[in-house]
$ cat target_3.cif   # mmCIF, C-alpha atoms
data_upload
loop_
_atom_site.group_PDB
_atom_site.id
_atom_site.type_symbol
_atom_site.label_atom_id
_atom_site.label_comp_id
_atom_site.auth_asym_id
_atom_site.auth_seq_id
_atom_site.Cartn_x
_atom_site.Cartn_y
_atom_site.Cartn_z
ATOM 1 C CA MET R 75 96.147 91.191 112.291
ATOM 2 C CA ASN R 76 94.164 88.791 110.134
ATOM 3 C CA MET R 77 95.989 88.824 106.804
ATOM 4 C CA ASN R 78 93.186 86.821 105.268
ATOM 5 C CA SER R 79 90.460 89.247 106.225
ATOM 6 C CA SER R 80 88.469 90.648 103.370
ATOM 7 C CA ALA R 81 89.737 94.181 104.061
ATOM 8 C CA ASN R 82 93.367 93.078 104.025
ATOM 9 C CA GLN R 83 92.876 91.126 100.815
ATOM 10 C CA VAL R 84 91.272 94.127 99.132
ATOM 11 C CA GLY R 85 94.075 96.371 100.334
ATOM 12 C CA ARG R 86 96.728 93.954 99.157
ATOM 13 C CA ARG R 87 95.165 93.673 95.675
ATOM 14 C CA GLY R 88 94.968 97.427 95.437
ATOM 15 C CA GLU R 89 98.614 97.794 96.333
ATOM 16 C CA LEU R 90 99.704 95.153 93.815
ATOM 17 C CA LEU R 91 97.586 96.546 90.971
ATOM 18 C CA ALA R 92 98.875 100.056 91.628
ATOM 19 C CA GLU R 93 102.470 98.894 91.863
ATOM 20 C CA LEU R 94 102.399 96.985 88.577
ATOM 21 C CA PHE R 95 100.621 99.868 86.842
ATOM 22 C CA LEU R 96 103.222 102.379 87.990
ATOM 23 C CA GLN R 97 106.155 100.113 87.148
ATOM 24 C CA ASP R 98 104.775 99.642 83.651
ATOM 25 C CA LEU R 99 105.213 103.398 83.130
ATOM 26 C CA LYS R 100 108.975 102.838 83.412
ATOM 27 C CA PRO R 101 109.769 105.454 86.046
ATOM 28 C CA ALA R 102 113.292 106.642 86.745
ATOM 29 C CA PHE R 103 112.805 105.409 90.292
ATOM 30 C CA PHE R 104 110.135 103.626 92.277
ATOM 31 C CA LEU R 105 110.306 103.238 96.053
ATOM 32 C CA LYS R 106 108.175 101.304 98.461
ATOM 33 C CA SER R 107 108.947 101.383 102.149
ATOM 34 C CA GLN R 108 108.085 98.688 104.675
ATOM 35 C CA ALA R 109 108.496 101.122 107.584
ATOM 36 C CA SER R 110 105.232 101.600 109.454
ATOM 37 C CA ASN R 111 105.803 105.335 109.845
ATOM 38 C CA PHE R 112 106.385 105.957 106.140
ATOM 39 C CA GLU R 113 103.546 108.261 105.216
ATOM 40 C CA PHE R 114 103.149 107.389 101.568
ATOM 41 C CA ASP R 115 102.596 104.097 99.799
ATOM 42 C CA PHE R 116 105.145 104.766 97.068
ATOM 43 C CA LEU R 117 107.550 107.424 95.896
ATOM 44 C CA ILE R 118 108.026 107.625 92.168
ATOM 45 C CA GLY R 119 110.076 109.753 89.833
ATOM 46 C CA PHE R 120 110.178 110.427 86.120
ATOM 47 C CA LYS R 121 112.682 112.218 83.947
ATOM 48 C CA ASN R 122 111.215 115.482 82.756
ATOM 49 C CA VAL R 123 111.715 117.321 79.472
ATOM 50 C CA ASN R 124 114.395 119.525 81.011
ATOM 51 C CA GLY R 125 116.571 116.635 82.039
ATOM 52 C CA GLY R 126 115.559 116.794 85.690
ATOM 53 C CA LEU R 127 113.369 114.518 87.813
ATOM 54 C CA ASN R 128 109.710 114.937 88.710
ATOM 55 C CA ALA R 129 109.030 113.209 92.004
ATOM 56 C CA PHE R 130 105.603 112.298 93.322
ATOM 57 C CA ALA R 131 104.208 110.589 96.364
ATOM 58 C CA ILE R 132 101.532 108.011 95.673
ATOM 59 C CA GLU R 133 98.727 107.230 98.062
ATOM 60 C CA VAL R 134 96.791 104.065 97.202
ATOM 61 C CA LYS R 135 93.248 103.423 98.296
ATOM 62 C CA ALA R 136 91.494 100.183 97.431
ATOM 63 C CA THR R 137 87.844 99.322 97.236
ATOM 64 C CA GLU R 138 85.703 96.451 96.022
ATOM 65 C CA LYS R 139 82.705 98.705 95.573
ATOM 66 C CA PRO R 140 81.851 100.468 92.315
ATOM 67 C CA ILE R 141 83.467 103.872 91.969
ATOM 68 C CA ARG R 142 81.095 106.543 90.762
ATOM 69 C CA GLY R 143 83.494 109.306 89.849
ATOM 70 C CA HIS R 144 84.403 110.371 93.346
ATOM 71 C CA PHE R 145 86.006 109.110 96.538
ATOM 72 C CA LEU R 146 85.560 109.933 100.219
ATOM 73 C CA ILE R 147 88.813 110.409 102.078
ATOM 74 C CA GLY R 148 89.148 111.344 105.741
ATOM 75 C CA SER R 149 89.645 115.080 106.329
ATOM 76 C CA LYS R 150 92.841 114.699 108.305
ATOM 77 C CA PRO R 151 94.626 112.419 105.832
ATOM 78 C CA PHE R 152 93.424 114.625 102.982
ATOM 79 C CA ASP R 153 94.811 117.774 104.601
ATOM 80 C CA ARG R 154 98.048 116.055 105.518
ATOM 81 C CA LEU R 155 98.602 114.798 101.989
ATOM 82 C CA ARG R 156 97.394 117.922 100.191
ATOM 83 C CA HIS R 157 99.624 120.199 102.212
ATOM 84 C CA SER R 158 102.745 118.095 101.772
ATOM 85 C CA ASN R 159 105.572 119.769 99.870
ATOM 86 C CA ILE R 160 105.779 116.834 97.489
ATOM 87 C CA PRO R 161 102.913 116.474 95.005
ATOM 88 C CA VAL R 162 100.647 113.616 95.988
ATOM 89 C CA ILE R 163 98.696 111.479 93.551
ATOM 90 C CA LEU R 164 95.808 109.502 94.921
ATOM 91 C CA LEU R 165 95.327 106.178 93.117
ATOM 92 C CA LEU R 166 91.965 104.618 93.795
ATOM 93 C CA VAL R 167 91.856 100.965 92.811
ATOM 94 C CA ASP R 168 88.666 99.084 92.059
ATOM 95 C CA THR R 169 89.976 95.655 93.016
ATOM 96 C CA LYS R 170 86.962 93.802 91.646
ATOM 97 C CA GLU R 171 86.949 95.267 88.153
ATOM 98 C CA ASN R 172 90.739 95.835 88.209
ATOM 99 C CA ASN R 173 90.412 99.501 87.258
ATOM 100 C CA ILE R 174 92.482 102.371 88.555
ATOM 101 C CA TYR R 175 91.304 105.944 89.077
ATOM 102 C CA TYR R 176 93.384 108.927 90.051
ATOM 103 C CA THR R 177 93.415 112.518 91.176
ATOM 104 C CA GLN R 178 96.158 114.949 92.053
ATOM 105 C CA LEU R 179 95.346 116.214 95.530
ATOM 106 C CA LYS R 180 96.776 119.718 95.048
ATOM 107 C CA ASP R 181 94.050 120.332 92.477
ATOM 108 C CA HIS R 182 91.410 120.335 95.215
ATOM 109 C CA SER R 183 91.789 123.653 97.035
ATOM 110 C CA ASN R 184 88.121 123.820 97.956
ATOM 111 C CA PRO R 185 86.778 120.289 98.082
ATOM 112 C CA SER R 186 83.334 119.217 99.130
ATOM 113 C CA ARG R 187 83.585 118.497 102.861
ATOM 114 C CA LEU R 188 81.266 116.226 104.779
ATOM 115 C CA SER R 189 81.534 115.929 108.541
ATOM 116 C CA GLU R 190 84.903 114.215 108.764
ATOM 117 C CA SER R 191 85.472 113.370 105.137
ATOM 118 C CA VAL R 192 86.340 115.086 101.927
ATOM 119 C CA ARG R 193 84.794 114.146 98.626
ATOM 120 C CA VAL R 194 87.233 114.278 95.716
ATOM 121 C CA PRO R 195 86.471 113.562 92.082
ATOM 122 C CA VAL R 196 88.564 110.838 90.481
ATOM 123 C CA VAL R 197 89.185 109.914 86.851
ATOM 124 C CA LEU R 198 89.378 106.431 85.387
ATOM 125 C CA ILE R 199 92.756 105.654 83.847
ATOM 126 C CA ASP R 200 91.730 104.198 80.518
ATOM 127 C CA THR R 201 93.951 104.181 77.439
ATOM 128 C CA ALA R 202 93.402 107.855 76.647
ATOM 129 C CA GLU R 203 93.679 109.019 80.227
ATOM 130 C CA LYS R 204 96.841 107.024 80.690
ATOM 131 C CA GLU R 205 98.587 109.295 78.184
ATOM 132 C CA ARG R 206 97.459 112.346 80.160
ATOM 133 C CA PHE R 207 98.613 110.686 83.366
ATOM 134 C CA VAL R 208 102.067 110.039 81.915
ATOM 135 C CA LYS R 209 102.287 113.662 80.712
ATOM 136 C CA LEU R 210 101.399 114.772 84.237
ATOM 137 C CA MET R 211 104.229 112.662 85.610
ATOM 138 C CA LYS R 212 106.801 113.782 83.085
ATOM 139 C CA GLY R 213 105.794 117.425 82.971
ATOM 140 C CA MET A 226 118.839 94.453 89.374
ATOM 141 C CA PRO A 227 119.130 91.919 86.521
ATOM 142 C CA LEU A 228 116.115 91.729 84.205
ATOM 143 C CA GLN A 229 115.602 88.082 85.138
ATOM 144 C CA GLU A 230 115.158 89.008 88.793
ATOM 145 C CA VAL A 231 112.799 91.863 87.954
ATOM 146 C CA THR A 232 110.747 89.462 85.826
ATOM 147 C CA GLY A 233 110.648 87.015 88.725
ATOM 148 C CA PHE A 234 109.515 89.623 91.255
ATOM 149 C CA ARG A 235 106.816 90.894 88.928
ATOM 150 C CA GLY A 236 105.775 87.326 88.168
ATOM 151 C CA GLU A 237 105.165 86.695 91.848
ATOM 152 C CA LYS A 238 102.952 89.756 92.077
ATOM 153 C CA ILE A 239 101.066 88.777 88.923
ATOM 154 C CA THR A 240 100.546 85.290 90.368
ATOM 155 C CA GLU A 241 99.082 86.727 93.545
ATOM 156 C CA LEU A 242 96.778 88.985 91.553
ATOM 157 C CA ALA A 243 95.666 86.102 89.332
ATOM 158 C CA LEU A 244 94.827 83.907 92.327
ATOM 159 C CA THR A 245 92.875 86.670 94.063
ATOM 160 C CA ASP A 246 90.979 87.938 91.032
ATOM 161 C CA PHE A 247 87.297 88.105 91.908
ATOM 162 C CA SER A 248 85.820 89.924 88.939
ATOM 163 C CA ALA A 249 83.558 86.881 88.456
ATOM 164 C CA PHE A 250 82.970 86.121 92.132
ATOM 165 C CA ASP A 251 81.677 87.822 95.262
ATOM 166 C CA ARG A 252 85.089 87.611 96.890
ATOM 167 C CA PRO A 253 88.483 86.069 96.115
ATOM 168 C CA LEU A 254 88.437 82.278 96.099
ATOM 169 C CA PHE A 255 91.960 82.092 97.486
ATOM 170 C CA ALA A 256 94.179 83.703 100.096
ATOM 171 C CA PRO A 257 97.800 83.358 99.003
ATOM 172 C CA GLY A 258 100.727 83.864 101.325
ATOM 173 C CA PHE A 259 104.134 84.509 99.792
ATOM 174 C CA LEU A 260 106.790 82.339 101.437
ATOM 175 C CA GLY A 261 109.768 84.335 100.258
ATOM 176 C CA ASP A 262 112.680 83.549 98.047
ATOM 177 C CA LYS A 263 114.484 81.411 100.578
ATOM 178 C CA TRP A 264 111.907 78.601 100.749
ATOM 179 C CA PRO A 265 112.919 75.781 98.395
ATOM 180 C CA ALA A 266 110.550 74.906 95.552
ATOM 181 C CA ILE A 267 107.509 76.729 96.908
ATOM 182 C CA ASP A 268 106.683 80.384 96.427
ATOM 183 C CA PHE A 269 103.129 80.504 97.750
ATOM 184 C CA TYR A 270 101.044 78.756 100.349
ATOM 185 C CA VAL A 271 97.452 79.274 99.264
ATOM 186 C CA GLU A 272 94.323 78.744 101.322
ATOM 187 C CA LEU A 273 90.810 78.345 100.024
ATOM 188 C CA ASN A 274 88.314 80.893 101.271
ATOM 189 C CA SER A 275 84.737 80.197 102.272
ATOM 190 C CA VAL A 276 85.050 76.536 103.258
ATOM 191 C CA ARG A 277 83.078 76.095 106.442
ATOM 192 C CA GLY A 278 85.126 74.646 109.289
ATOM 193 C CA SER A 279 88.270 74.182 107.241
ATOM 194 C CA ARG A 280 91.094 75.959 105.466
ATOM 195 C CA PRO A 281 92.128 73.629 102.623
ATOM 196 C CA TYR A 282 95.344 74.657 100.994
ATOM 197 C CA PHE A 283 97.766 74.034 98.162
ATOM 198 C CA PHE A 284 101.269 75.095 97.220
ATOM 199 C CA VAL A 285 102.481 77.001 94.192
ATOM 200 C CA GLN A 286 105.779 77.517 92.485
ATOM 201 C CA THR A 287 105.862 80.461 90.099
ATOM 202 C CA LYS A 288 107.886 80.675 86.919
ATOM 203 C CA SER A 289 107.927 83.841 84.844
ATOM 204 C CA THR A 290 108.939 84.414 81.287
ATOM 205 C CA ARG A 291 109.225 87.315 78.876
ATOM 206 C CA ARG A 292 109.428 84.994 75.893
ATOM 207 C CA ASP A 293 106.829 85.584 73.225
ATOM 208 C CA ILE A 294 103.747 83.448 72.966
ATOM 209 C CA ASP A 295 103.595 82.693 69.227
ATOM 210 C CA GLN A 296 100.294 83.134 67.473
ATOM 211 C CA ASP A 297 100.088 79.411 66.728
ATOM 212 C CA SER A 298 101.440 78.313 70.066
ATOM 213 C CA GLN A 299 99.383 76.058 72.298
ATOM 214 C CA SER A 300 101.552 76.485 75.362
ATOM 215 C CA LEU A 301 103.620 78.908 77.419
ATOM 216 C CA PRO A 302 107.310 77.999 77.530
ATOM 217 C CA ILE A 303 108.726 77.999 81.048
ATOM 218 C CA SER A 304 111.903 76.763 82.643
ATOM 219 C CA THR A 305 111.846 74.554 85.724
ATOM 220 C CA LYS A 306 114.453 72.259 87.255
ATOM 221 C CA LYS A 307 113.905 68.554 87.745
ATOM 222 C CA LYS A 308 114.883 68.874 91.401
ATOM 223 C CA ASP A 309 112.111 71.447 91.976
ATOM 224 C CA ILE A 310 109.522 69.084 90.502
ATOM 225 C CA GLU A 311 110.952 66.279 92.634
ATOM 226 C CA ARG A 312 110.515 68.472 95.707
ATOM 227 C CA LEU A 313 106.949 69.327 94.755
ATOM 228 C CA LEU A 314 106.150 65.640 94.228
ATOM 229 C CA ARG A 315 107.391 64.877 97.724
ATOM 230 C CA ILE A 316 105.158 67.450 99.391
ATOM 231 C CA PRO A 317 101.911 65.983 100.719
ATOM 232 C CA GLY A 318 98.968 67.858 99.290
ATOM 233 C CA PRO A 319 98.151 69.573 96.010
ATOM 234 C CA THR A 320 101.073 71.326 94.337
ATOM 235 C CA TYR A 321 101.065 73.407 91.173
ATOM 236 C CA VAL A 322 103.380 75.376 88.955
ATOM 237 C CA ILE A 323 102.042 78.715 87.725
ATOM 238 C CA GLY A 324 103.701 80.111 84.626
ATOM 239 C CA VAL A 325 103.458 83.853 84.153
ATOM 240 C CA HIS A 326 103.820 85.579 80.825
ATOM 241 C CA GLU A 327 105.117 88.831 82.245
ATOM 242 C CA PRO A 328 104.539 91.213 79.306
ATOM 243 C CA SER A 329 100.838 90.333 79.055
ATOM 244 C CA LYS A 330 100.376 89.555 82.761
ATOM 245 C CA ARG A 331 98.662 86.275 81.874
ATOM 246 C CA SER A 332 99.037 83.290 84.206
ATOM 247 C CA PHE A 333 98.753 79.574 83.453
ATOM 248 C CA ILE A 334 98.657 76.634 85.822
ATOM 249 C CA THR A 335 99.715 73.015 85.745
ATOM 250 C CA SER A 336 99.492 70.384 88.440
ATOM 251 C CA VAL A 337 102.367 68.406 89.948
ATOM 252 C CA TYR A 338 100.289 65.413 90.973
ATOM 253 C CA GLN A 339 100.963 61.855 92.061
ATOM 254 C CA GLY A 340 101.868 59.930 88.955
ATOM 255 C CA ARG A 341 103.189 62.893 87.047
ATOM 256 C CA LYS A 342 106.504 62.198 85.341
ATOM 257 C CA ASN A 343 109.429 63.214 87.548
ATOM 258 C CA ALA A 344 111.026 65.608 85.100
ATOM 259 C CA ALA A 345 111.376 69.325 84.582
ATOM 260 C CA ILE A 346 108.320 71.089 83.169
ATOM 261 C CA SER A 347 109.100 73.102 80.054
ATOM 262 C CA SER A 348 105.673 74.386 79.067
ATOM 263 C CA ILE A 349 102.126 74.903 80.281
ATOM 264 C CA PRO A 350 99.120 74.556 77.942
ATOM 265 C CA LEU A 351 97.402 77.852 77.212
ATOM 266 C CA LYS A 352 94.041 76.230 77.936
ATOM 267 C CA TYR A 353 95.046 76.232 81.601
ATOM 268 C CA GLU A 354 95.076 79.995 81.809
ATOM 269 C CA LEU A 355 93.866 81.231 85.203
ATOM 270 C CA THR A 356 90.544 82.471 83.925
ATOM 271 C CA ALA A 357 87.514 82.706 86.190
ATOM 272 C CA GLU A 358 86.466 79.244 85.019
ATOM 273 C CA ASN A 359 89.832 77.725 85.819
ATOM 274 C CA LEU A 360 90.019 79.503 89.171
ATOM 275 C CA GLN A 361 86.753 77.795 90.044
ATOM 276 C CA ASN A 362 88.049 74.477 88.691
ATOM 277 C CA LEU A 363 91.189 74.847 90.817
ATOM 278 C CA TYR A 364 89.103 75.619 93.878
ATOM 279 C CA ASN A 365 86.900 72.582 93.302
ATOM 280 C CA GLU A 366 89.883 70.319 92.662
ATOM 281 C CA VAL A 367 91.709 71.314 95.842
ATOM 282 C CA ARG A 368 88.578 71.196 97.909
ATOM 283 C CA GLY A 369 87.788 67.783 96.484
ATOM 284 C CA PHE A 370 91.223 66.471 97.378
ATOM 285 C CA TRP A 371 91.012 67.555 101.024
ATOM 286 C CA ARG A 372 87.609 65.939 101.360
ATOM 287 C CA THR A 373 89.263 62.569 100.675
ATOM 288 C CA THR A 374 91.845 62.895 103.427
ATOM 289 C CA GLN A 375 91.744 63.267 107.146
ATOM 290 C CA HIS A 376 91.487 66.889 108.265
ATOM 291 C CA LYS A 377 93.873 66.535 111.194
ATOM 292 C CA PRO A 378 95.691 63.849 113.166
ATOM 293 C CA ASP A 379 93.237 62.241 115.554
ATOM 294 C CA SER A 380 95.713 61.910 118.393
ATOM 295 C CA SER A 381 99.064 63.211 119.578
ATOM 296 C CA ILE A 382 101.640 62.387 122.210
ATOM 297 C CA PHE A 383 101.654 66.100 122.979
ATOM 298 C CA SER A 384 97.998 66.295 123.969
#
$ encode --input "target_3.cif" --output "structure tokens"
Amino acid sequence: MNMNSSANQVGRRGELLAELFLQDLKPAFFLKSQASNFEFDFLIGFKNVNGGLNAFAIEVKATEKPIRGHFLIGSKPFDRLRHSNIPVILLLVDTKENNIYYTQLKDHSNPSRLSESVRVPVVLIDTAEKERFVKLMKG
Amino acid sequence: MPLQEVTGFRGEKITELALTDFSAFDRPLFAPGFLGDKWPAIDFYVELNSVRGSRPYFFVQTKSTRRDIDQDSQSLPISTKKKDIERLLRIPGPTYVIGVHEPSKRSFITSVYQGRKNAAISSIPLKYELTAENLQNLYNEVRGFWRTTQHKPDSSIFS
């Protein structure tokens, strides 16, 4: 595998930007597995208002192209992630502009399907949206 | 995990992101490879992208800090050991120390070059922040150095 390939570099930047962003939210736990068969990029948990833990799986996708409010994800990965028993958050990282977008996959019960892809809307995490994102995590 | 270690780990990630930032370029100028905590004095081996027929490189040691950057300050305070600078001076090729201000995720670079005083480095000027301009300057400097030296040995007993 060419670690210096453009695709690998984009993927690596996406992973790093997502990781630092999530760690800055000060989660109760943050897990990253090196195992090749680990289905998610990260597992993260936050204390909720009832004293329990809200756990989420995070799937990171990286791109160097402009993001125009939506993202195409393969049908099979989408179905696998959406129908997992743990809530999955998709983080879409624009590695050129260093912006992060997100969507919660369970929200898309009837997404727009193209032949082998699903089109999901994503939201830019700016200052205001970050507060909503944190509320989503903490319940 | 002690806060110092967490700061160090995050500093390494911030360094990698700083070196691969391409908001002002078509693609990242550099391809860093993390050498791991066990390698003495060097944290990253970094190659230059887009040099035809060659992969010039340099080495980086990262130092992270959570200390405040005062409003009037002209430099980022960091803590290095004299023996680490000695090691960097002994390595053939360009070597740099990157100081990371972890709370703001800003990175600053200073060179450990031939002729530099063999002493610990305690600060890095803020003007050497890894902005797009300084990333390009770094690229040009490293590329310029490797143009002055031989690319490879021209013979070997193992040929």
$ interface_residues --input "target_3.cif" --of "chain A" --to "chain R" --cutoff "7 Å" --atoms "all atoms listed in the file" --output "ChimeraX atom specification"
/A:238,242,247-248,256
$ resolve_selection --input "target_3.cif" --expression "the PyMOL selection byres ((chain R and resi 155) around 12)" --output "VMD selection string"
chain R and resid 113 to 115 130 to 134 147 to 154 156 to 164 178 to 182
$ closest_residue --input "target_3.cif" --among "R:Ile199, R:Leu146, R:Ala136, R:Val194" --to "Glu89 of chain R" --atoms "all atoms listed in the file"
R:Ala136
$ closest_residue --input "target_3.cif" --among "R:Phe95, R:Lys212, R:Tyr176, R:Leu198" --to "Asn124 of chain R" --atoms "only C-alpha atoms"
R:Lys212
$ resolve_selection --input "target_3.cif" --expression "the PyMOL selection byres ((chain A and resi 283-286) around 9)" --output "ChimeraX atom specification"
/A:266-273,281-282,287-288,309,313,316,318-324,367
$ closest_residue --input "target_3.cif" --among "R:Pro185, R:Gly213, R:Gly126, R:Pro195" --to "Ala102 of chain R" --atoms "only C-alpha atoms"
R:Gly126
$ atom_distance --input "target_3.cif" --atom1 "atom CA of Lys135 of chain R" --atom2 "atom CA of Pro328 of chain A"
25.2 Å
$ resolve_selection --input "target_3.cif" --expression "the PyMOL selection byres ((chain A and resi 368) around 12)" --output "list in words"
Leu254, Phe255, Glu272, Leu273, Asn274, Ser275, Val276, Arg277, Ser279, Arg280, Pro281, Tyr282, Phe283, Gly318, Pro319, Gln361, Asn362, Leu363, Tyr364, Asn365, Glu366, Val367, Gly369, Phe370, Trp371, Arg372, Thr373, Thr374 and His376 of chain A
$ axis_aligned_box --input "target_3.cif" --around "segment 88-99 of chain R" --padding-each-side "8 Å" --output "lines of an AutoDock Vina configuration file"
center_x = 100.6
center_y = 99.3
center_z = 89.7
size_x = 27.2
size_y = 24.2
size_z = 29.2
$ closest_residue --input "target_3.cif" --among "A:Ile303, A:Ile239, A:Ile294, A:Leu360" --to "Ala345 of chain A" --atoms "only C-alpha atoms"
A:Ile303
$ residues_around --input "target_3.cif" --residues "Lys307 of chain A" --least-positions-apart "4" --cutoff "10 Å" --atoms "all atoms listed in the file" --output "PyMOL selection string"
chain A and resi 311-313+343-346
$ closest_residue --input "target_3.cif" --among "A:Asp246, A:Glu327, A:Asp251, A:Asp379" --to "Ser289 of chain A" --atoms "only C-alpha atoms"
A:Glu327
$ atom_distance --input "target_3.cif" --atom1 "atom CA of Asp297 of chain A" --atom2 "atom CA of Pro350 of chain A"
12.3 Å
$ residues_around --input "target_3.cif" --residues "Ser298 of chain A" --least-positions-apart "5" --cutoff "12 Å" --atoms "all atoms listed in the file" --output "PyMOL selection string"
chain A and resi 292-293+348-352
$ atom_distance --input "target_3.cif" --atom1 "atom CA of Arg142 of chain R" --atom2 "atom CA of Val197 of chain R"
9.6 Å
$ closest_residue --input "target_3.cif" --among "R:Leu99, R:Asn184, R:Lys106, R:Pro140" --to "Phe120 of chain R" --atoms "all atoms listed in the file"
R:Leu99
